[in-house]
There are 2 protein chains.
Amino acid sequence: MTPDTNRRWLLASRPTGEPTREDFELEESDVSEPGPGEVLVRTRYLSVDPYMRGRMRDADSYADPWGIGEPMRARCVGEVVDSEYDGLETGDVVAGNLYWAEYATVDGDRVERVEVGDLPVSTALSVLGMPGRTAYVGTVDVGRVEPGDTVVVSAAAGAVGSVAGQIARIAGGRVVGITGADEKADWLTDELGFDAAVNYRTAGDLSAAVAEACPRGVDLYFENVGGEVSDAVTDHLTDYSRIAVCGKIALYNQEDGDVPRGPRRLHQRTRTRVEGFIVSDHAHRAEHITDRLRRWVSEEEVRYRETVTEGIESAPEAFLGLFEGTNVGKQLVRVA
Amino acid sequence: MTPDTNRRWLLASRPTGEPTREDFELEESDVSEPGPGEVLVRTRYLSVDPYMRGRMRDADSYADPWGIGEPMRARCVGEVVDSEYDGLETGDVVAGNLYWAEYATVDGDRVERVEVGDLPVSTALSVLGMPGRTAYVGTVDVGRVEPGDTVVVSAAAGAVGSVAGQIARIAGGRVVGITGADEKADWLTDELGFDAAVNYRTAGDLSAAVAEACPRGVDLYFENVGGEVSDAVTDHLTDYSRIAVCGKIALYNQEDGDVPRGPRRLHQRTRTRVEGFIVSDHAHRAEHITDRLRRWVSEEEVRYRETVTEGIESAPEAFLGLFEGTNVGKQLVRVA
């Protein structure tokens, strides 16, 4: 049985600097019945992620910009409510790259069955999904964490950082998180097993705070923020250190002319390797990594949190909150 | 004050198959006083290692063979008893590539001061020396151990294997040791924190025993022995697994025609990386690695044993015992 109406968010305008509520438009339309080979999916959760800010910008990147008037996209989990696709049936729980929408009618091969074992389906978007895999790839494949490393993670209480720090801990690292609230810092040290946490908003001299938390220097920096936090960490890199550049959320709302240029204090560290990465380039590792994360979560070796807003209406608010740091762990929108 | 006589071992003949006591000759000679730039070192400990079997063979290798009638060489720690070298004084404790000998007169730049902190000087030949660094390079640099890996180490109670397994444990691995005695197996699991150990002499179906100890397969195999042990592990390699080939002691006493040829069961594992290594190629990592090992030993994160024979006379016996597995941990000879 096909429901009548669908609500979905469109990109209304390209933001300059910080996005606002007005950059998004909620559209109401009829639900399309699935054609041959298609499925109709009702969204349960949609994921908002910092990378989306890049897709709202009309600039060269690793992925094409989204068009004005086009639907905002998102990784979602949902339930098949109608299927004309061989191999998926009504009631199947699936994940796929869909939309900021209550419903999506798409080719059946654009979604796959969710395999989260006994865990909530939302974990397919958080610790067992793209953020968890990103944490693993950045820490292990790109960052090549070594036992005994001092590892610093910025945005450490976020969806990626919180998992990256725990993986680094399992890998024998001494782990220091940088975050923007005392409650987040407490969560990192008291529940996730970080060795130390620094609140960059209250630390005063941030470089000195990093030095104090990292008496042997920084061997691996998992970079999520850029800007001044990054500078403070870079001051303390060791020989043969690595920076795994996952993101630079502090710069995402900056326009080209605002972003400081230049090597940002790396000039004295000739043996540091700085390497950016995109998790989708490591697709062949997905199953391996998800298996490990699932095991660690079920053994409580890795813990996770999700911050959830309610209703499709709340999607822009959830997204804008990422830049304020209102989320702890993964930010999701519960749609149905 | 220069002592009178020196005893040192020469290579008397090239062994075929297993070396015997007759392949070595103990020579007595006068001690040479140091000339300009030289030091006279009294050996405290000398190290016997499996690689020496390769140097006794007249065959192409990564290092030149030793000559008949020439002194057997060894990494040693000792005390400077006379110095004509700027920067070393009588009483300094040094390490260097010297000889199976009570004394050595060599250029001062062939030895360096031992830096073992509060630990016994013998550790410069064991856990803090070449064997410890070999364990680290094989596990981390070549084997690229990942958190969650199942790691199998052969000759696991040896100088290298016992440290490699502990590093893999710190790095978040599940570690299984293969060894040839129940007491060694107990040491690995009870004191070194290995998750399981297999006695290859009593296991019966060794491949089945490895399977039982490694229910998720083998992600990293630290290879010290070759032959049938290696075959049994290879049966259970996972996709994208790695074999870090440190040595193959089971084959060292074989002549060319005796060694089975061919790919030894790797043909179905197209994504396994097999990589041999020599620790000296990683010289730029020595200080970094020694720092970590020293820290771990002092924190009792890494434990070690040394098996010591007494007197220069005992050097051949100590060496030959390596192929019988009489040693637990590092085999050394205490000379003075």
# chains A, B, ... in the order shown; residues from 1 in each chain; ligands from 1
$ residues_around --residues "range 304-319 of chain B" --least-positions-apart "5" --cutoff "7 Å" --atoms "only C-alpha atoms" --output "ChimeraX atom specification"
/B:21,48-49,101-102,127,327-335
$ calpha_fit_and_write --fixed "chain B" --moving "chain A" --output "tab-separated table (two decimals) with C-alpha atoms, in the first residue's frame"
chain	number	residue	atom	x	y	z
A	1	MET	CA	96.51	-2.67	31.69
A	2	THR	CA	96.31	-5.17	28.87
A	3	PRO	CA	95.65	-8.82	29.73
A	4	ASP	CA	97.85	-11.47	28.14
A	5	THR	CA	95.79	-14.04	26.31
A	6	ASN	CA	92.60	-14.08	24.33
A	7	ARG	CA	90.51	-17.06	23.31
A	8	ARG	CA	88.28	-16.88	20.28
A	9	TRP	CA	86.35	-19.23	18.05
A	10	LEU	CA	87.17	-19.68	14.37
A	11	LEU	CA	85.07	-21.24	11.65
A	12	ALA	CA	86.92	-24.53	11.11
A	13	SER	CA	84.79	-25.97	8.32
A	14	ARG	CA	81.55	-25.33	6.47
A	15	PRO	CA	78.86	-27.67	7.82
A	16	THR	CA	76.72	-29.80	5.56
A	17	GLY	CA	73.30	-30.12	7.15
A	18	GLU	CA	73.41	-29.76	10.90
A	19	PRO	CA	76.55	-28.04	12.21
A	20	THR	CA	78.59	-29.90	14.82
A	21	ARG	CA	81.12	-28.99	17.46
A	22	GLU	CA	83.89	-29.88	14.97
A	23	ASP	CA	82.95	-27.01	12.69
A	24	PHE	CA	84.40	-24.62	15.29
A	25	GLU	CA	87.94	-24.24	16.58
A	26	LEU	CA	88.99	-22.45	19.77
A	27	GLU	CA	92.15	-20.44	19.17
A	28	GLU	CA	94.35	-18.93	21.86
A	29	SER	CA	96.40	-15.88	21.01
A	30	ASP	CA	97.95	-12.76	22.51
A	31	VAL	CA	95.69	-9.83	23.15
A	32	SER	CA	96.52	-6.96	20.77
A	33	GLU	CA	97.04	-3.62	22.45
A	34	PRO	CA	94.86	-0.91	20.91
A	35	GLY	CA	96.55	1.29	18.28
A	36	PRO	CA	95.56	4.89	17.61
A	37	GLY	CA	91.79	5.22	17.34
A	38	GLU	CA	91.24	1.70	18.70
A	39	VAL	CA	89.74	0.28	21.86
A	40	LEU	CA	90.25	-3.01	23.64
A	41	VAL	CA	86.93	-4.50	24.75
A	42	ARG	CA	86.46	-7.36	27.18
A	43	THR	CA	83.34	-9.31	26.20
A	44	ARG	CA	80.71	-9.72	28.90
A	45	TYR	CA	78.02	-11.34	26.77
A	46	LEU	CA	77.98	-12.56	23.22
A	47	SER	CA	74.88	-13.29	21.24
A	48	VAL	CA	74.33	-16.43	19.18
A	49	ASP	CA	71.61	-16.16	16.55
A	50	PRO	CA	70.08	-18.38	13.88
A	51	TYR	CA	71.24	-16.07	11.08
A	52	MET	CA	74.82	-17.19	11.78
A	53	ARG	CA	74.05	-20.49	10.12
A	54	GLY	CA	73.68	-18.55	6.87
A	55	ARG	CA	77.09	-16.92	7.27
A	56	MET	CA	78.70	-20.36	7.63
A	57	ARG	CA	77.41	-21.31	4.19
A	58	ASP	CA	79.25	-20.29	1.04
A	59	ALA	CA	76.20	-18.98	-0.77
A	60	ASP	CA	74.74	-15.72	-1.97
A	61	SER	CA	72.86	-13.95	0.76
A	62	TYR	CA	72.20	-10.47	2.07
A	63	ALA	CA	75.61	-10.63	3.77
A	64	ASP	CA	78.91	-12.20	2.77
A	65	PRO	CA	79.84	-15.65	4.08
A	66	TRP	CA	82.45	-15.91	6.80
A	67	GLY	CA	85.79	-17.42	5.72
A	68	ILE	CA	87.23	-20.72	6.88
A	69	GLY	CA	89.84	-20.03	9.56
A	70	GLU	CA	88.32	-16.62	10.23
A	71	PRO	CA	86.82	-15.65	13.60
A	72	MET	CA	83.14	-16.27	14.22
A	73	ARG	CA	81.42	-12.93	14.63
A	74	ALA	CA	78.75	-11.88	17.09
A	75	ARG	CA	77.01	-8.90	18.52
A	76	CYS	CA	78.56	-8.43	21.96
A	77	VAL	CA	78.38	-6.21	25.01
A	78	GLY	CA	81.54	-5.62	26.91
A	79	GLU	CA	83.68	-3.23	28.84
A	80	VAL	CA	86.39	-0.99	27.50
A	81	VAL	CA	89.61	-2.05	29.24
A	82	ASP	CA	91.98	0.14	27.24
A	83	SER	CA	91.27	3.00	24.86
A	84	GLU	CA	93.16	5.02	22.31
A	85	TYR	CA	89.87	6.36	20.96
A	86	ASP	CA	88.56	9.85	21.72
A	87	GLY	CA	85.22	9.58	23.44
A	88	LEU	CA	85.53	6.14	25.02
A	89	GLU	CA	87.25	5.48	28.32
A	90	THR	CA	88.26	2.48	30.37
A	91	GLY	CA	85.16	1.22	32.15
A	92	ASP	CA	82.66	2.27	29.47
A	93	VAL	CA	80.12	-0.41	28.67
A	94	VAL	CA	79.70	-0.76	24.92
A	95	ALA	CA	78.00	-2.91	22.30
A	96	GLY	CA	79.22	-3.74	18.84
A	97	ASN	CA	79.57	-6.35	16.14
A	98	LEU	CA	82.61	-8.19	17.48
A	99	TYR	CA	83.58	-11.85	17.79
A	100	TRP	CA	83.04	-15.11	19.63
A	101	ALA	CA	85.99	-14.02	21.76
A	102	GLU	CA	87.04	-12.96	25.21
A	103	TYR	CA	88.63	-9.77	23.90
A	104	ALA	CA	88.44	-7.68	20.76
A	105	THR	CA	90.69	-4.86	19.63
A	106	VAL	CA	88.75	-2.74	17.15
A	107	ASP	CA	88.27	0.80	15.85
A	108	GLY	CA	86.46	2.85	18.46
A	109	ASP	CA	83.69	3.75	16.01
A	110	ARG	CA	82.73	0.07	15.69
A	111	VAL	CA	81.19	0.12	19.18
A	112	GLU	CA	78.77	2.44	20.93
A	113	ARG	CA	77.87	3.06	24.53
A	114	VAL	CA	75.09	0.82	25.81
A	115	GLU	CA	71.94	2.68	26.85
A	116	VAL	CA	69.72	0.30	28.77
A	117	GLY	CA	68.77	2.56	31.70
A	118	ASP	CA	68.24	0.46	34.82
A	119	LEU	CA	68.11	-2.83	32.92
A	120	PRO	CA	70.91	-5.43	32.79
A	121	VAL	CA	73.46	-4.84	30.04
A	122	SER	CA	72.55	-8.19	28.48
A	123	THR	CA	69.26	-6.64	27.32
A	124	ALA	CA	71.26	-4.71	24.73
A	125	LEU	CA	71.56	-8.09	22.98
A	126	SER	CA	68.02	-9.29	23.63
A	127	VAL	CA	64.82	-7.33	24.13
A	128	LEU	CA	66.45	-3.93	23.59
A	129	GLY	CA	68.80	-5.13	20.87
A	130	MET	CA	68.55	-6.66	17.44
A	131	PRO	CA	65.98	-9.33	18.38
A	132	GLY	CA	63.62	-6.79	19.95
A	133	ARG	CA	63.93	-4.42	17.01
A	134	THR	CA	63.41	-7.30	14.60
A	135	ALA	CA	60.21	-8.19	16.43
A	136	TYR	CA	58.96	-4.62	16.14
A	137	VAL	CA	59.87	-4.13	12.48
A	138	GLY	CA	58.30	-7.44	11.51
A	139	THR	CA	55.09	-6.86	13.43
A	140	VAL	CA	54.56	-3.16	12.76
A	141	ASP	CA	56.50	-1.99	9.69
A	142	VAL	CA	56.33	-5.12	7.57
A	143	GLY	CA	53.37	-6.98	9.06
A	144	ARG	CA	51.34	-3.80	9.55
A	145	VAL	CA	49.46	-5.32	12.45
A	146	GLU	CA	45.95	-3.92	12.81
A	147	PRO	CA	43.81	-3.78	15.94
A	148	GLY	CA	41.59	-6.84	15.90
A	149	ASP	CA	44.01	-8.95	13.87
A	150	THR	CA	44.59	-12.56	14.73
A	151	VAL	CA	48.38	-12.84	14.80
A	152	VAL	CA	50.25	-16.14	14.75
A	153	VAL	CA	53.93	-16.22	15.73
A	154	SER	CA	56.14	-19.27	15.19
A	155	ALA	CA	59.20	-19.94	17.33
A	156	ALA	CA	57.06	-17.93	19.69
A	157	ALA	CA	59.17	-18.54	22.79
A	158	GLY	CA	62.36	-17.44	21.06
A	159	ALA	CA	64.18	-14.14	21.33
A	160	VAL	CA	62.26	-12.53	18.48
A	161	GLY	CA	58.96	-14.40	18.63
A	162	SER	CA	58.35	-13.76	22.31
A	163	VAL	CA	58.69	-10.01	21.81
A	164	ALA	CA	56.79	-9.98	18.50
A	165	GLY	CA	53.80	-11.63	20.14
A	166	GLN	CA	53.76	-9.10	22.97
A	167	ILE	CA	53.97	-6.17	20.55
A	168	ALA	CA	51.09	-7.65	18.58
A	169	ARG	CA	49.12	-7.94	21.82
A	170	ILE	CA	49.77	-4.27	22.67
A	171	ALA	CA	48.71	-3.40	19.13
A	172	GLY	CA	45.27	-4.92	19.75
A	173	GLY	CA	45.86	-8.31	18.24
A	174	ARG	CA	44.64	-11.70	19.34
A	175	VAL	CA	47.95	-13.55	19.58
A	176	VAL	CA	48.63	-17.25	19.11
A	177	GLY	CA	52.11	-18.66	19.58
A	178	ILE	CA	53.47	-21.86	18.07
A	179	THR	CA	56.24	-23.48	20.08
A	180	GLY	CA	57.82	-26.86	20.77
A	181	ALA	CA	57.36	-27.45	24.52
A	182	ASP	CA	54.49	-27.27	26.99
A	183	GLU	CA	56.51	-25.18	29.45
A	184	LYS	CA	57.15	-22.67	26.69
A	185	ALA	CA	53.47	-22.63	25.78
A	186	ASP	CA	52.59	-21.98	29.42
A	187	TRP	CA	55.08	-19.13	29.60
A	188	LEU	CA	53.50	-17.52	26.53
A	189	THR	CA	49.94	-17.64	27.82
A	190	ASP	CA	50.53	-17.25	31.56
A	191	GLU	CA	53.25	-14.60	31.62
A	192	LEU	CA	53.41	-12.90	28.23
A	193	GLY	CA	49.67	-12.50	27.62
A	194	PHE	CA	49.39	-14.61	24.48
A	195	ASP	CA	45.76	-15.63	23.93
A	196	ALA	CA	46.67	-19.19	23.01
A	197	ALA	CA	49.67	-21.38	22.31
A	198	VAL	CA	50.09	-24.53	20.24
A	199	ASN	CA	52.80	-27.12	20.85
A	200	TYR	CA	53.62	-28.29	17.33
A	201	ARG	CA	55.36	-31.42	18.63
A	202	THR	CA	52.27	-32.76	20.37
A	203	ALA	CA	49.41	-31.13	18.47
A	204	GLY	CA	48.80	-34.04	16.11
A	205	ASP	CA	46.98	-32.39	13.20
A	206	LEU	CA	48.74	-29.04	13.34
A	207	SER	CA	46.49	-27.37	10.79
A	208	ALA	CA	43.45	-28.33	12.85
A	209	ALA	CA	45.14	-27.05	16.01
A	210	VAL	CA	45.82	-23.70	14.35
A	211	ALA	CA	42.20	-23.54	13.17
A	212	GLU	CA	40.96	-24.17	16.68
A	213	ALA	CA	43.23	-21.49	18.13
A	214	CYS	CA	42.27	-19.02	15.38
A	215	PRO	CA	38.49	-19.22	14.86
A	216	ARG	CA	38.50	-16.06	12.72
A	217	GLY	CA	41.50	-17.12	10.64
A	218	VAL	CA	45.02	-15.71	10.57
A	219	ASP	CA	45.48	-12.07	9.56
A	220	LEU	CA	49.19	-11.79	10.23
A	221	TYR	CA	51.74	-14.58	10.43
A	222	PHE	CA	55.13	-13.73	11.90
A	223	GLU	CA	57.24	-16.40	10.22
A	224	ASN	CA	60.32	-17.66	12.04
A	225	VAL	CA	60.46	-21.32	11.07
A	226	GLY	CA	59.17	-22.27	7.61
A	227	GLY	CA	58.39	-25.84	6.62
A	228	GLU	CA	55.38	-27.70	7.98
A	229	VAL	CA	54.53	-25.17	10.67
A	230	SER	CA	54.28	-22.56	7.96
A	231	ASP	CA	52.02	-24.81	5.87
A	232	ALA	CA	49.66	-25.32	8.79
A	233	VAL	CA	49.31	-21.59	9.32
A	234	THR	CA	48.96	-20.79	5.63
A	235	ASP	CA	45.87	-23.01	5.49
A	236	HIS	CA	44.01	-20.43	7.56
A	237	LEU	CA	45.06	-17.08	6.15
A	238	THR	CA	42.33	-14.50	5.68
A	239	ASP	CA	41.84	-12.16	2.75
A	240	TYR	CA	44.40	-9.35	2.77
A	241	SER	CA	46.51	-11.26	5.27
A	242	ARG	CA	50.24	-10.72	5.60
A	243	ILE	CA	53.22	-12.97	6.23
A	244	ALA	CA	56.23	-11.13	7.67
A	245	VAL	CA	59.11	-13.46	6.90
A	246	CYS	CA	61.74	-12.99	9.58
A	247	GLY	CA	63.42	-16.38	9.30
A	248	LYS	CA	62.96	-20.06	8.50
A	249	ILE	CA	65.05	-21.85	11.08
A	250	ALA	CA	63.55	-25.23	10.18
A	251	LEU	CA	65.24	-24.96	6.80
A	252	TYR	CA	68.63	-23.53	7.78
A	253	ASN	CA	70.30	-26.89	8.08
A	254	GLN	CA	68.82	-28.19	4.85
A	255	GLU	CA	70.91	-28.37	1.73
A	256	ASP	CA	69.52	-26.94	-1.47
A	257	GLY	CA	68.11	-30.20	-2.81
A	258	ASP	CA	66.30	-30.99	0.45
A	259	VAL	CA	64.14	-27.91	0.57
A	260	PRO	CA	60.68	-28.39	-0.92
A	261	ARG	CA	60.11	-26.01	-3.82
A	262	GLY	CA	56.99	-24.31	-4.98
A	263	PRO	CA	54.44	-21.92	-3.64
A	264	ARG	CA	53.64	-23.96	-0.51
A	265	ARG	CA	49.86	-23.61	-0.49
A	266	LEU	CA	49.68	-19.87	-1.10
A	267	HIS	CA	48.10	-20.28	-4.54
A	268	GLN	CA	44.55	-19.76	-3.27
A	269	ARG	CA	45.36	-16.67	-1.28
A	270	THR	CA	45.74	-14.11	-4.02
A	271	ARG	CA	45.51	-11.15	-1.67
A	272	THR	CA	48.09	-12.28	0.86
A	273	ARG	CA	51.25	-10.21	0.98
A	274	VAL	CA	54.40	-12.21	1.81
A	275	GLU	CA	57.35	-9.97	2.62
A	276	GLY	CA	60.78	-10.85	3.89
A	277	PHE	CA	62.80	-8.31	5.80
A	278	ILE	CA	66.20	-7.66	7.38
A	279	VAL	CA	66.19	-5.47	10.45
A	280	SER	CA	69.31	-3.60	9.36
A	281	ASP	CA	67.40	-2.12	6.42
A	282	HIS	CA	65.32	-0.27	8.98
A	283	ALA	CA	68.25	1.39	10.74
A	284	HIS	CA	66.56	4.79	10.81
A	285	ARG	CA	63.88	3.27	13.04
A	286	ALA	CA	66.30	1.89	15.63
A	287	GLU	CA	66.17	4.74	18.13
A	288	HIS	CA	62.39	5.07	17.90
A	289	ILE	CA	61.89	1.36	18.40
A	290	THR	CA	64.42	1.02	21.22
A	291	ASP	CA	62.75	3.90	23.06
A	292	ARG	CA	59.42	2.11	22.92
A	293	LEU	CA	60.83	-1.25	23.95
A	294	ARG	CA	62.69	0.31	26.88
A	295	ARG	CA	59.49	1.98	28.05
A	296	TRP	CA	57.43	-1.19	27.71
A	297	VAL	CA	60.00	-3.31	29.52
A	298	SER	CA	60.25	-0.84	32.39
A	299	GLU	CA	56.43	-0.74	32.63
A	300	GLU	CA	56.34	-4.58	32.44
A	301	GLU	CA	54.17	-4.36	29.35
A	302	VAL	CA	56.82	-6.46	27.64
A	303	ARG	CA	58.57	-9.26	29.53
A	304	TYR	CA	61.65	-11.11	28.41
A	305	ARG	CA	63.84	-14.05	29.28
A	306	GLU	CA	67.43	-14.90	28.53
A	307	THR	CA	69.00	-18.35	28.46
A	308	VAL	CA	72.68	-18.04	29.33
A	309	THR	CA	75.55	-20.51	28.98
A	310	GLU	CA	78.76	-19.90	30.88
A	311	GLY	CA	82.21	-19.23	29.45
A	312	ILE	CA	83.62	-18.69	25.99
A	313	GLU	CA	84.03	-22.48	25.68
A	314	SER	CA	80.25	-22.87	25.62
A	315	ALA	CA	79.58	-20.73	22.53
A	316	PRO	CA	79.21	-23.60	19.99
A	317	GLU	CA	76.91	-25.52	22.36
A	318	ALA	CA	74.77	-22.38	22.81
A	319	PHE	CA	74.59	-21.88	19.06
A	320	LEU	CA	73.74	-25.51	18.25
A	321	GLY	CA	71.00	-25.44	20.90
A	322	LEU	CA	69.10	-22.86	18.85
A	323	PHE	CA	68.23	-25.55	16.32
A	324	GLU	CA	67.00	-27.86	19.07
A	325	GLY	CA	64.97	-25.14	20.77
A	326	THR	CA	66.80	-25.53	24.08
A	327	ASN	CA	66.60	-21.79	24.68
A	328	VAL	CA	63.69	-19.85	26.14
A	329	GLY	CA	63.90	-16.25	25.00
A	330	LYS	CA	67.31	-14.95	23.98
A	331	GLN	CA	70.26	-17.32	23.94
A	332	LEU	CA	73.43	-15.64	25.24
A	333	VAL	CA	76.91	-16.68	26.29
A	334	ARG	CA	78.31	-15.04	29.43
A	335	VAL	CA	82.02	-14.60	28.77
A	336	ALA	CA	83.14	-12.44	31.71
$ select_by_dssp --residues "range 72-272 of chain A" --states "alpha helix (DSSP H)" --output "PyMOL selection string"
chain A and resi 130-136+161-170+182-186+206-213+227-234
$ select_by_dssp --residues "range 27-106 of chain A" --states "strand (DSSP E)" --output "compact mmCIF listing (two decimals) with N, CA and C atoms, in the first residue's frame"
# COMPACT_ATOMS: atom_id res chain seq x y z
N GLU A 27 9.59 20.59 0.61
CA GLU A 27 8.65 20.41 -0.49
C GLU A 27 7.70 19.25 -0.16
N GLU A 28 6.45 19.42 -0.48
CA GLU A 28 5.50 18.31 -0.31
C GLU A 28 5.07 17.84 -1.69
N SER A 29 5.08 16.54 -1.87
CA SER A 29 4.71 16.01 -3.19
C SER A 29 4.05 14.65 -3.03
N ASP A 30 3.52 14.12 -4.11
CA ASP A 30 2.96 12.76 -4.07
C ASP A 30 4.10 11.75 -3.99
N GLU A 38 12.19 -1.15 -9.06
CA GLU A 38 12.31 -0.12 -8.02
C GLU A 38 11.71 -0.58 -6.68
N VAL A 39 12.12 0.14 -5.64
CA VAL A 39 11.51 -0.07 -4.32
C VAL A 39 11.09 1.28 -3.77
N LEU A 40 10.07 1.23 -2.93
CA LEU A 40 9.67 2.42 -2.17
C LEU A 40 10.14 2.21 -0.73
N VAL A 41 10.94 3.16 -0.24
CA VAL A 41 11.53 3.04 1.09
C VAL A 41 10.98 4.16 1.97
N ARG A 42 10.52 3.78 3.18
CA ARG A 42 10.16 4.80 4.16
C ARG A 42 11.36 5.03 5.07
N THR A 43 11.82 6.27 5.14
CA THR A 43 13.01 6.59 5.92
C THR A 43 12.72 6.45 7.40
N ARG A 44 13.59 5.73 8.11
CA ARG A 44 13.51 5.73 9.58
C ARG A 44 14.46 6.77 10.15
N TYR A 45 15.72 6.71 9.69
CA TYR A 45 16.73 7.67 10.14
C TYR A 45 17.44 8.22 8.92
N LEU A 46 17.75 9.51 8.97
CA LEU A 46 18.67 10.05 7.97
C LEU A 46 19.86 10.66 8.70
N SER A 47 20.96 10.62 8.01
CA SER A 47 22.23 11.07 8.57
C SER A 47 22.58 12.45 8.03
N ARG A 73 20.62 15.25 -0.30
CA ARG A 73 20.83 13.80 -0.21
C ARG A 73 21.36 13.41 1.16
N ALA A 74 21.20 12.14 1.49
CA ALA A 74 21.69 11.65 2.78
C ALA A 74 21.74 10.13 2.76
N ARG A 75 22.64 9.61 3.50
CA ARG A 75 22.61 8.18 3.81
C ARG A 75 21.45 7.96 4.78
N CYS A 76 20.62 6.98 4.47
CA CYS A 76 19.42 6.72 5.28
C CYS A 76 19.30 5.23 5.59
N VAL A 77 18.60 4.92 6.68
CA VAL A 77 18.07 3.57 6.85
C VAL A 77 16.55 3.68 6.86
N GLY A 78 15.94 2.69 6.29
CA GLY A 78 14.49 2.71 6.21
C GLY A 78 13.94 1.33 5.94
N GLU A 79 12.63 1.33 5.70
CA GLU A 79 11.93 0.06 5.55
C GLU A 79 11.31 0.03 4.16
N VAL A 80 11.44 -1.09 3.51
CA VAL A 80 10.79 -1.25 2.21
C VAL A 80 9.28 -1.35 2.44
N VAL A 81 8.52 -0.43 1.84
CA VAL A 81 7.06 -0.50 1.99
C VAL A 81 6.38 -0.98 0.72
N ASP A 82 7.11 -1.02 -0.38
CA ASP A 82 6.57 -1.57 -1.62
C ASP A 82 7.77 -1.92 -2.50
N SER A 83 7.70 -3.05 -3.19
CA SER A 83 8.87 -3.47 -3.96
C SER A 83 8.48 -4.08 -5.29
N VAL A 93 14.57 -4.12 6.04
CA VAL A 93 15.24 -2.91 6.51
C VAL A 93 16.51 -2.72 5.69
N VAL A 94 16.63 -1.56 5.09
CA VAL A 94 17.71 -1.32 4.12
C VAL A 94 18.41 -0.01 4.42
N ALA A 95 19.60 0.14 3.86
CA ALA A 95 20.34 1.40 3.93
C ALA A 95 20.74 1.79 2.51
N GLY A 96 20.85 3.07 2.29
CA GLY A 96 21.26 3.52 0.96
C GLY A 96 21.46 5.02 0.95
N ASN A 97 22.05 5.50 -0.15
CA ASN A 97 22.24 6.94 -0.32
C ASN A 97 20.96 7.50 -0.91
N LEU A 98 20.11 8.06 -0.05
CA LEU A 98 18.78 8.53 -0.46
C LEU A 98 18.70 10.04 -0.23
N TYR A 99 17.66 10.49 0.43
CA TYR A 99 17.39 11.93 0.48
C TYR A 99 16.97 12.36 1.88
N TYR A 103 10.07 9.61 2.20
CA TYR A 103 10.02 8.43 1.32
C TYR A 103 10.99 8.63 0.16
N ALA A 104 11.44 7.51 -0.39
CA ALA A 104 12.25 7.57 -1.61
C ALA A 104 11.86 6.39 -2.49
N THR A 105 11.70 6.65 -3.75
CA THR A 105 11.43 5.59 -4.73
C THR A 105 12.67 5.49 -5.62
N VAL A 106 13.38 4.38 -5.49
CA VAL A 106 14.68 4.28 -6.17
C VAL A 106 14.88 2.86 -6.71
